[in-house]
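*Asks:* Please read through the structure below; I'll follow up with questions.
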Amino acid sequence: MNVPVGVRAVFRGSGAAVLVLAMACAAGCSGGQETESGPTGTGAGGRTSASSAVPIDIDTIRVDVEATRAVSDAELWSPAQWFLDGRRGQDDEFAEIERRTAACMRAEGWAYVPETAVFDDLTDTIGELRAYRAASGYGAFVSASSAVKAAAAKGEGTAAPGAVGADGVTRRGLTSRQRTAYTVALWGSPKGPDPDEPDLPDASAKGCHAQAARQVLTGLPRFDREVVEYLMANHPRRNPQVRRAWVEWSACMKAAGQPFADNSALNTRIEELKTQVRTDPSRRAAARAQEMEIARADVRCYVDHVHRTSYAASLALLSRLAQRFPGYAEAVRAVVEG
C-alpha cells in the first residue's frame with residue numbers, strides 16, 4: 001500500500017488537541033495547531049531564550065493593524081507554516097511524491113499507479129479553515145471513511161492516506177516471488193513500509209518511495225532544525241499585540257455563549273466531549289452539536305479579533321528570520337510578497 005510522509009505541521013493542523021512534533025497546541029486552534037516550544041537550536045544576536053541560544057525577536061515586533069480590513073478567504077492563516085512547507089500544500093506534496101514514486105517504479109520495471117490521497121482537513125487559507133470548521137468542527141467526530149466519501153462525492157479521489165489503493169490493484173496476479181520483488185522495489189524491504197522511517201529519509205534509504213520522498217522534501221525549511229527552533233521560540237502568540245488579540249477572542253467567545261479563557265480550555269472541552277462519547281455512544285449527536293457550536297464561534301472570533309494581528313506579526317517575524325538566515329531570504333520574500 002501507499003502511505004503518506006509522516007507528520008508535516010509545525011504551525012498548522014486541524015484537530016482540537018493534536019500533538020505536533022511531540023509538542024502540545026499552545027495557541028490558536030482556530031487557525032490550526034500552533035506550538036510554542038521546540039528542539040534545541042542556535043542563533044546569533046538579540047535577546048535569547050532562557051533554555052537555549054535562540055534569539056527572541058517576537059516580543060519587540062510592533063505592527064500597525066487596520067481593524068476593519070476585510071479578511072480574504074484566499075489569505076494564508078499561517079505565513080510561517082507556508083514558508084516551512086516550501087510554499088506548497090499537503091495535497092500537492094503528496095501528489096508529487098506519488099508521481100516520482102511511479103516514475104521510479106517504471107524504471108525498475110513495475111507498473112505503479114499513483115495513489116490519490118484525501119486530506120479533508122487542509123487549512124492553508126482562511127477560506128479552507130472556515131470551510132473545515134463549518135463542515136467538520138475540529139474533526140472530533142468525523143471518521144476517515146465519511147471524509148473519504150464526502151471527498152469522493154466532490155470528485156477529489158477515493159483512497160484515504162495509508163489505505164490500499166491503486167498500488168494494491170497493480171499487484172493482483174503476481175506470483176509470491178514477484179510480489180516480494182515489487183515490495184522491495186517500492187519500500188526497500190520485503191517487509192514493506194518501515195513505521196519508524198523518518199519524515200525525511202536519509203541518503204541511505206532504499207526503495208522508490210523513500211527516494212521520491214527525499215527528492216521532494218530535501219531542502220524544505222521545516223527540516224532545518226535551527227529555523228524551526230527560531231520560529232517556535234518566536235511564536236506569534238508571544239507577541240504582546242497578539243496576546244491582547246486573544247483576550248478579545250476570549251471576550252468574543254463569551255459573548256457567543258462559549259466562555260473559554262483561552263484555547264487550552266477550549267481543547268480540554270473538546271477532549272471531554274470525545275471522552276463522553278467513548279463512554280456513552282448515545283451522546284454522540286449532542287456532543288457533535290456542541291462541538292459545531294464551539295467551532296463556528298471559534299473561527300468567527302478568530303478571524304474577527306486575532307487573524308489580522310497574528311498575520312501581520314507573522315510576516316514581520318519572517319522578515320526578521322530572513323535577516324538571521326540569509327539563505328532563506330528569497331523564500332521569505334515569496335511568502336511576504338504573496
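Going by the C-alpha cells order, chains are called A, B, ..., each with residues numbered from 1, while ligands are numbered from 1 in the order shown.
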Which residues are near range 269-276 of chain A? Cut-off 9 Å, only C-alpha atoms, ignore same chain within fewer than 3 positions. Put them as a list in words.

*Replies:*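 Close residues of range 269-276 of chain A: Ala16, Ala17, Tyr138, Ala140, Phe141, Ser264, Ala265, Leu266, Thr279, Asp280, Pro281, Arg283, Arg284, Ala287, Arg288, Gln290, Glu291 and Ile294 of chain A.
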
*Asks:* One number please: CA of Gln258 in chain A to CA of Asn239 in chain A, in Å, one decimal.

*Replies:*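 Calculated distance between CA of Gln258 in chain A and CA of Asn239 in chain A is 24.6 Å.
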
*Asks:* Might you pull out every residue within 6 Å of range 74-90 of chain A, with only C-alpha atoms counted and same-chain residues fewer than 2 positions away left off, and present them as a PyMOL selection string?

*Replies:* chain A and resi 11+72+92-93+124-126+220-222
